[in-house]
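*Asks:* So that we are looking at the same thing, I have put the structure below in structure tokens.
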Number of protein chains: 2
Amino acid sequence: MIHSSGATGKTEDSASSENAPVNDPMTGENGIDFPIIELLFFAYRDFTSDPDQILAQYGFGRAHHRVVHFVNRMPGLTVAELLDVLQITKQSLARVLKQLLDTGHIVQVQGRQDRRQRKLYPTPKGRALSLALAAPQSRRIAKALRDVEQGDRQAIERFLRGMVNPELRAQIDKLPHGNRAKDNGDYRDG
Amino acid sequence: MIHSSGATGKTEDSASSENAPVNDPMTGENGIDFPIIELLFFAYRDFTSDPDQILAQYGFGRAHHRVVHFVNRMPGLTVAELLDVLQITKQSLARVLKQLLDTGHIVQVQGRQDRRQRKLYPTPKGRALSLALAAPQSRRIAKALRDVEQGDRQAIERFLRGMVNPELRAQIDKLPHGNRAKDNGDYRDG
DNA sequence: TTATTTACGTCAACATAGCTGACATAAATA
DNA sequence: TATTTATGTCAGCTATGTTGACGTAAATAA
């Protein structure tokens with residue numbers, strides 16, 4: 001049933017019944033920060049659209065992207081560690097991980113100390129894919145940073161970090177943070 | 001089949017075959033901005049986790065959140081306009097919109113000028129839900145902004161805006177941008 | 001040694017949220 | 001009158017998440 005504008009519509013009726021349409025837009029009067037809420041939505045929507053197009057060519061989705069990204073950033077991490085970062089169940093991971101293994105983007109290496117562990121490494125093919133996915137995102141970021149002053153980068157990083165649950169910020173700190181000379185060898189020795 | 005560390009593992013073998021595991025972590029050497037790529041991922045992951053918990057109590061998901069949010073921010077917008085903002089198909093929208101109509105969070109009003117249009121309005125119930133979902137997100141943002149200098153907010157907004165596809169930035173400008181006195185009446189007259 | 005716990009894999013069933021394609025209807029417009 | 005537009009709807013498919021149950025090998029505790 002459609003509310004005809006002449007039936008229960010507020011405009012002519014002015015009845016403030018239970019299900020009357022609310023006409024005034026929700027604004028920041030109530031102290032809510034709509035500008036940043038919405039900017040985050042739009043920014044993230046377009047930020048993820050870049051890799052989506054590349055992934056589609058491989059028959060992959062965002063789930064594959066996340067897996068291949070973190071395996072490349074933390075080579076040698078275990079399945080359990082990856083689940084921790086992604087915050088999904090092992091059954092969810094299993095599907096996409098299997099595909100990435102089958103297509104030769106990722107390989108598993110049995111842990112030496114703990115042979116129950118399956119340490120995940122990218123192959124050269126997996127590394128290339130990960131870089132290809134990151135490139136357009138990085139270009140988008142570089143463009144957006146041109147709109148702000150030098151030195152504002154630090155504020156942006158601090159803000160984004162502040163948006164993360166405090167107990168999960170350790171995950172960020174674990175990632176390699178250098179543009180400096182590479183220190184070869186496993187991300188973390190196993 | 002698992003790569004045993006003694007079989008084709010690079011460590012002992014040092015063979016650089018096709019599918020050899022890559023041991024060195026992907027870093028910013030190649031000019032890619034990993035810190036911000038990852039901060040966006042983690043920030044958005046936790047940013048959306050707040051409303052997810054509330055939505056679960058209603059049997060709703062993120063799709064419902066987006067719909068109820070934009071209907072509250074732009075009361076009277078048409079189905080076509082909503083599809084434009086959400087960038088999804090009408091079949092996708094249909095399911096969640098039907099639920100929000102059935103549960104009395106949103107009502108439709110036939111357009112007066114163009115009677116084919118179904119203009120969407122929140123009910124008081126829908127307005128309350130939208131505010132309840134926005135509240136924890138706004139609190140998270142306020143906390144994160146405490147980590148930066150006053151005046152950095154503008155840089156953050158500019159950066160996020162710069163992340164959006166230029167041709168879609170008009171969508172942001174359409175949203176009400178005031179903390180100022182409300183100007184009652186439809187978001188845009190129909 | 002034996003028992004338990006841990007890391008991982010897998011099967012089955014299910015839910016959400018997106019998609020394409022096809023078709024219907026009412027209202028606006030040419 | 002014919003066509004286009006705004007919207008709704010049916011059917012089926014895909015991707016990505018979930019829970020629950022069970023199995024196996026290896027590490028660890030008793």
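Residue numbers start at 1 in each chain; chains themselves are named A, B, ... in the order of the structure tokens; ligands are numbered from 1 in the order shown.
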List the neighbours of region 66-80 of chain B out to 7 Å using only C-alpha atoms (C1' of nucleotides); skip same-chain residues closer than 5 positions along the sequence, and give me the result as a VMD selection string.

*Replies:* (chain A and resid 23 to 26) or (chain B and resid 117 to 122 126 to 127 130 175 186 to 188)

*Asks:* Please, could you write that set of residues out with N, CA and C atoms as a PDB file, in the first residue's frame?

*Replies:*
ATOM      1  N   ASN A  23       9.446  14.737   7.792  1.00  0.00           N
ATOM      2  CA  ASN A  23       9.858  15.529   6.630  1.00  0.00           C
ATOM      3  C   ASN A  23      11.205  16.226   6.771  1.00  0.00           C
ATOM      4  N   ASP A  24      11.582  16.532   7.978  1.00  0.00           N
ATOM      5  CA  ASP A  24      12.833  17.278   8.134  1.00  0.00           C
ATOM      6  C   ASP A  24      14.028  16.348   8.135  1.00  0.00           C
ATOM      7  N   PRO A  25      15.049  16.732   7.393  1.00  0.00           N
ATOM      8  CA  PRO A  25      16.238  15.884   7.318  1.00  0.00           C
ATOM      9  C   PRO A  25      16.953  15.809   8.656  1.00  0.00           C
ATOM     10  N   MET A  26      17.547  14.664   8.898  1.00  0.00           N
ATOM     11  CA  MET A  26      18.375  14.449  10.077  1.00  0.00           C
ATOM     12  C   MET A  26      19.658  15.282   9.916  1.00  0.00           C
TER      13      MET A  26
ATOM     14  N   GLN B 117       6.622   8.212  -9.195  1.00  0.00           N
ATOM     15  CA  GLN B 117       7.663   8.187  -8.174  1.00  0.00           C
ATOM     16  C   GLN B 117       7.134   7.743  -6.814  1.00  0.00           C
ATOM     17  N   ARG B 118       7.990   7.050  -6.085  1.00  0.00           N
ATOM     18  CA  ARG B 118       7.702   6.659  -4.708  1.00  0.00           C
ATOM     19  C   ARG B 118       8.728   7.358  -3.831  1.00  0.00           C
ATOM     20  N   LYS B 119       8.300   8.431  -3.216  1.00  0.00           N
ATOM     21  CA  LYS B 119       9.228   9.181  -2.381  1.00  0.00           C
ATOM     22  C   LYS B 119       9.329   8.530  -1.008  1.00  0.00           C
ATOM     23  N   LEU B 120      10.557   8.428  -0.525  1.00  0.00           N
ATOM     24  CA  LEU B 120      10.811   7.686   0.712  1.00  0.00           C
ATOM     25  C   LEU B 120      11.008   8.637   1.886  1.00  0.00           C
ATOM     26  N   TYR B 121      10.302   8.340   2.962  1.00  0.00           N
ATOM     27  CA  TYR B 121      10.407   9.127   4.199  1.00  0.00           C
ATOM     28  C   TYR B 121      10.603   8.181   5.375  1.00  0.00           C
ATOM     29  N   PRO B 122      11.352   8.637   6.374  1.00  0.00           N
ATOM     30  CA  PRO B 122      11.419   7.848   7.603  1.00  0.00           C
ATOM     31  C   PRO B 122      10.173   8.104   8.440  1.00  0.00           C
ATOM     32  N   GLY B 126      11.799   5.067  12.357  1.00  0.00           N
ATOM     33  CA  GLY B 126      12.959   4.980  11.477  1.00  0.00           C
ATOM     34  C   GLY B 126      14.002   6.036  11.819  1.00  0.00           C
ATOM     35  N   ARG B 127      13.516   7.219  12.205  1.00  0.00           N
ATOM     36  CA  ARG B 127      14.425   8.283  12.617  1.00  0.00           C
ATOM     37  C   ARG B 127      15.198   7.871  13.864  1.00  0.00           C
ATOM     38  N   SER B 130      17.876   5.319  12.993  1.00  0.00           N
ATOM     39  CA  SER B 130      18.997   5.935  12.298  1.00  0.00           C
ATOM     40  C   SER B 130      19.921   6.677  13.268  1.00  0.00           C
ATOM     41  N   LEU B 175      23.900  16.433   0.452  1.00  0.00           N
ATOM     42  CA  LEU B 175      23.474  16.158   1.835  1.00  0.00           C
ATOM     43  C   LEU B 175      23.394  17.450   2.639  1.00  0.00           C
ATOM     44  N   ASP B 186      10.255  19.250   3.112  1.00  0.00           N
ATOM     45  CA  ASP B 186      10.955  18.178   2.431  1.00  0.00           C
ATOM     46  C   ASP B 186      12.396  18.552   2.139  1.00  0.00           C
ATOM     47  N   TYR B 187      13.213  17.523   2.105  1.00  0.00           N
ATOM     48  CA  TYR B 187      14.602  17.713   1.752  1.00  0.00           C
ATOM     49  C   TYR B 187      14.695  18.443   0.412  1.00  0.00           C
ATOM     50  N   ARG B 188      13.926  17.955  -0.516  1.00  0.00           N
ATOM     51  CA  ARG B 188      13.824  18.684  -1.769  1.00  0.00           C
ATOM     52  C   ARG B 188      12.381  18.583  -2.160  1.00  0.00           C
TER      53      ARG B 188
END

*Asks:* Got a sec to tell me which of chain A DSSP assigns to strand (DSSP E or B), as an NGL selection string?

*Replies:* :A and (3 or 77-78 or 106-110 or 118-122)

*Asks:* Hey, what does DSSP flag as alpha helix (DSSP H) within region 42-149 of chain A? Can you give it to me as an MDAnalysis selection string?

*Replies:* chainID A and resid 42:58 62:73 79:86 90:102 124:145

*Asks:* Pull C-alpha atoms from the residues just selected and write them as an mmCIF file, in the first residue's frame.

*Replies:*
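Ended up saving to selection28.cif:
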data_model
loop_
_atom_site.group_PDB
_atom_site.id
_atom_site.type_symbol
_atom_site.label_atom_id
_atom_site.label_comp_id
_atom_site.auth_asym_id
_atom_site.auth_seq_id
_atom_site.Cartn_x
_atom_site.Cartn_y
_atom_site.Cartn_z
ATOM 1 C CA PHE A 42 31.882 7.367 0.243
ATOM 2 C CA ALA A 43 35.665 7.282 0.507
ATOM 3 C CA TYR A 44 35.736 3.601 1.348
ATOM 4 C CA ARG A 45 33.172 2.754 -1.311
ATOM 5 C CA ASP A 46 35.364 4.197 -4.050
ATOM 6 C CA PHE A 47 38.628 3.091 -2.454
ATOM 7 C CA THR A 48 37.551 -0.536 -2.768
ATOM 8 C CA SER A 49 36.118 -0.152 -6.247
ATOM 9 C CA ASP A 50 39.572 0.100 -7.837
ATOM 10 C CA PRO A 51 40.798 -3.392 -6.954
ATOM 11 C CA ASP A 52 37.337 -4.883 -7.470
ATOM 12 C CA GLN A 53 37.688 -4.432 -11.208
ATOM 13 C CA ILE A 54 41.057 -6.154 -11.331
ATOM 14 C CA LEU A 55 39.875 -8.973 -9.092
ATOM 15 C CA ALA A 56 36.894 -9.659 -11.332
ATOM 16 C CA GLN A 57 39.272 -10.573 -14.164
ATOM 17 C CA TYR A 58 40.687 -13.371 -12.016
ATOM 18 C CA ARG A 62 37.422 -8.794 -1.922
ATOM 19 C CA ALA A 63 38.013 -11.736 0.343
ATOM 20 C CA HIS A 64 40.852 -12.898 -1.894
ATOM 21 C CA HIS A 65 42.251 -9.393 -1.898
ATOM 22 C CA ARG A 66 42.462 -9.226 1.868
ATOM 23 C CA VAL A 67 44.097 -12.629 2.118
ATOM 24 C CA VAL A 68 46.671 -12.024 -0.586
ATOM 25 C CA HIS A 69 47.425 -8.592 0.844
ATOM 26 C CA PHE A 70 48.224 -9.692 4.358
ATOM 27 C CA VAL A 71 50.139 -12.758 3.242
ATOM 28 C CA ASN A 72 52.336 -10.463 1.179
ATOM 29 C CA ARG A 73 52.763 -8.024 4.007
ATOM 30 C CA VAL A 79 46.468 -19.534 9.442
ATOM 31 C CA ALA A 80 45.485 -18.638 13.010
ATOM 32 C CA GLU A 81 47.233 -15.288 12.782
ATOM 33 C CA LEU A 82 45.535 -14.512 9.494
ATOM 34 C CA LEU A 83 42.132 -15.331 10.974
ATOM 35 C CA ASP A 84 42.910 -12.918 13.760
ATOM 36 C CA VAL A 85 43.627 -10.083 11.382
ATOM 37 C CA LEU A 86 40.660 -10.736 9.133
ATOM 38 C CA LYS A 90 38.355 -20.605 9.411
ATOM 39 C CA GLN A 91 35.532 -22.018 7.269
ATOM 40 C CA SER A 92 35.172 -18.672 5.550
ATOM 41 C CA LEU A 93 38.880 -18.419 4.988
ATOM 42 C CA ALA A 94 39.130 -22.003 3.729
ATOM 43 C CA ARG A 95 37.297 -21.345 0.482
ATOM 44 C CA VAL A 96 39.274 -18.367 -0.691
ATOM 45 C CA LEU A 97 42.564 -19.695 0.611
ATOM 46 C CA LYS A 98 42.062 -22.941 -1.309
ATOM 47 C CA GLN A 99 41.528 -20.980 -4.510
ATOM 48 C CA LEU A 100 44.625 -18.892 -3.931
ATOM 49 C CA LEU A 101 46.632 -22.054 -3.284
ATOM 50 C CA ASP A 102 45.213 -23.789 -6.373
ATOM 51 C CA PRO A 124 56.079 -14.344 -7.256
ATOM 52 C CA LYS A 125 52.696 -14.538 -8.972
ATOM 53 C CA GLY A 126 50.947 -13.715 -5.703
ATOM 54 C CA ARG A 127 53.309 -10.852 -5.046
ATOM 55 C CA ALA A 128 52.613 -9.417 -8.481
ATOM 56 C CA LEU A 129 48.860 -9.636 -7.938
ATOM 57 C CA SER A 130 49.093 -7.949 -4.566
ATOM 58 C CA LEU A 131 51.120 -5.084 -5.983
ATOM 59 C CA ALA A 132 48.738 -4.707 -8.903
ATOM 60 C CA LEU A 133 45.817 -4.402 -6.494
ATOM 61 C CA ALA A 134 47.583 -1.918 -4.238
ATOM 62 C CA ALA A 135 48.756 0.343 -7.065
ATOM 63 C CA PRO A 136 45.461 2.061 -7.935
ATOM 64 C CA GLN A 137 44.593 2.451 -4.268
ATOM 65 C CA SER A 138 47.922 4.099 -3.623
ATOM 66 C CA ARG A 139 47.437 6.405 -6.580
ATOM 67 C CA ARG A 140 44.042 7.428 -5.248
ATOM 68 C CA ILE A 141 45.559 8.182 -1.858
ATOM 69 C CA ALA A 142 48.385 10.212 -3.397
ATOM 70 C CA LYS A 143 45.843 12.290 -5.308
ATOM 71 C CA ALA A 144 43.772 12.897 -2.189
ATOM 72 C CA LEU A 145 46.865 13.902 -0.229
#

*Asks:* What is the distance between C1' of DA22 (chain C) and C1' of DG8 (chain D), in Å to one decimal?

*Replies:* 12.9 Å

*Asks:* When you count only C-alpha atoms (C1' of nucleotides), which of these residues is closest to chain B: D:DA21, D:DA2, D:DA30, D:DA11?

*Replies:*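 Comparing D:DA21, D:DA2, D:DA30, D:DA11 against chain B, the winner is D:DA11.
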
*Asks:* Return the neighbours of chain B among the residues of chain C, cut-off 8 Å, counting only C-alpha atoms (C1' of nucleotides), as a compact mmCIF listing (two decimals) with N, CA and C atoms (P, O5', C5', C4', C3', O3' and C1' of nucleotides), in the first residue's frame.

*Replies:*
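So selection29.txt came out as:
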# COMPACT_ATOMS: atom_id res chain seq x y z
P DT C 16 19.13 -13.46 7.09
O5' DT C 16 20.22 -12.60 6.32
C5' DT C 16 21.48 -12.35 6.96
C4' DT C 16 22.38 -11.66 5.97
C3' DT C 16 21.70 -10.53 5.19
O3' DT C 16 22.50 -9.39 5.36
C1' DT C 16 22.84 -12.01 3.74
P DA C 17 21.95 -7.95 4.86
O5' DA C 17 22.60 -7.88 3.42
C5' DA C 17 24.01 -7.97 3.32
C4' DA C 17 24.39 -8.03 1.87
C3' DA C 17 23.57 -7.08 0.98
O3' DA C 17 24.45 -6.36 0.15
C1' DA C 17 23.56 -9.22 0.08
P DG C 18 23.95 -4.98 -0.45
O5' DG C 18 23.90 -5.28 -2.02
C5' DG C 18 25.01 -5.09 -2.79
C4' DG C 18 25.34 -6.31 -3.64
C3' DG C 18 24.70 -6.37 -5.03
O3' DG C 18 25.29 -5.44 -5.90
C1' DG C 18 24.89 -8.53 -4.09
P DA C 26 -2.00 -1.03 -13.91
O5' DA C 26 -1.76 0.44 -13.37
C5' DA C 26 -0.86 0.66 -12.28
C4' DA C 26 -0.11 1.95 -12.50
C3' DA C 26 -0.96 3.07 -13.12
O3' DA C 26 -0.71 4.24 -12.38
C1' DA C 26 1.00 2.75 -14.38
P DA C 27 -1.66 5.48 -12.50
O5' DA C 27 -0.65 6.58 -13.04
C5' DA C 27 0.60 6.73 -12.39
C4' DA C 27 1.55 7.44 -13.31
C3' DA C 27 0.96 8.67 -14.02
O3' DA C 27 1.83 9.76 -13.81
C1' DA C 27 2.02 7.26 -15.57
P DA C 28 1.44 11.22 -14.16
O5' DA C 28 2.59 11.60 -15.21
C5' DA C 28 3.94 11.43 -14.81
C4' DA C 28 4.85 11.43 -16.02
C3' DA C 28 4.70 12.66 -16.93
O3' DA C 28 6.00 13.14 -17.23
C1' DA C 28 4.45 10.69 -18.21

*Asks:* Identify which of the residues A:Gly162, A:Pro35, A:Gly111, A:Gly59 lies closest to chain B, counting only C-alpha atoms when measuring atom-to-atom distances.

*Replies:*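 Closest to chain B, using only C-alpha atoms: A:Gly162.
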
*Asks:* Near DG23 (chain D), within 12 Å and counting only C-alpha atoms (C1' of nucleotides), which residues show up once chain neighbours fewer than 3 positions away are dropped, as a list in words?

*Replies:*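 That gives DC8, DG9, DT10 and DC11 of chain C.
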
*Asks:* Go ahead and save the residues from that selection, with C-alpha atoms (C1' of nucleotides), as a PDB file, in the first residue's frame.

*Replies:*
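Result file selection28.pdb:
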ATOM      1  C1'  DC C   8      44.373 -27.007  10.928  1.00  0.00           C
ATOM      2  C1'  DG C   9      41.153 -29.133   7.476  1.00  0.00           C
ATOM      3  C1'  DT C  10      36.630 -30.386   5.913  1.00  0.00           C
ATOM      4  C1'  DC C  11      31.628 -31.524   5.369  1.00  0.00           C
TER       5       DC C  11
END

*Asks:* For chain D against chain A, which residues fall within 10 Å using only C-alpha atoms (C1' of nucleotides), given as a list in words?

*Replies:*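 Only these qualify: DA15, DT16, DG17, DT18, DA25, DA26 and DA27 of chain D.
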
*Asks:* Which value, in Å to one decimal, gives the distance between CA of Leu39 (chain A) and CA of Ile106 (chain B)?

*Replies:*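 Computing it gives 23.8 Å between the two atoms.
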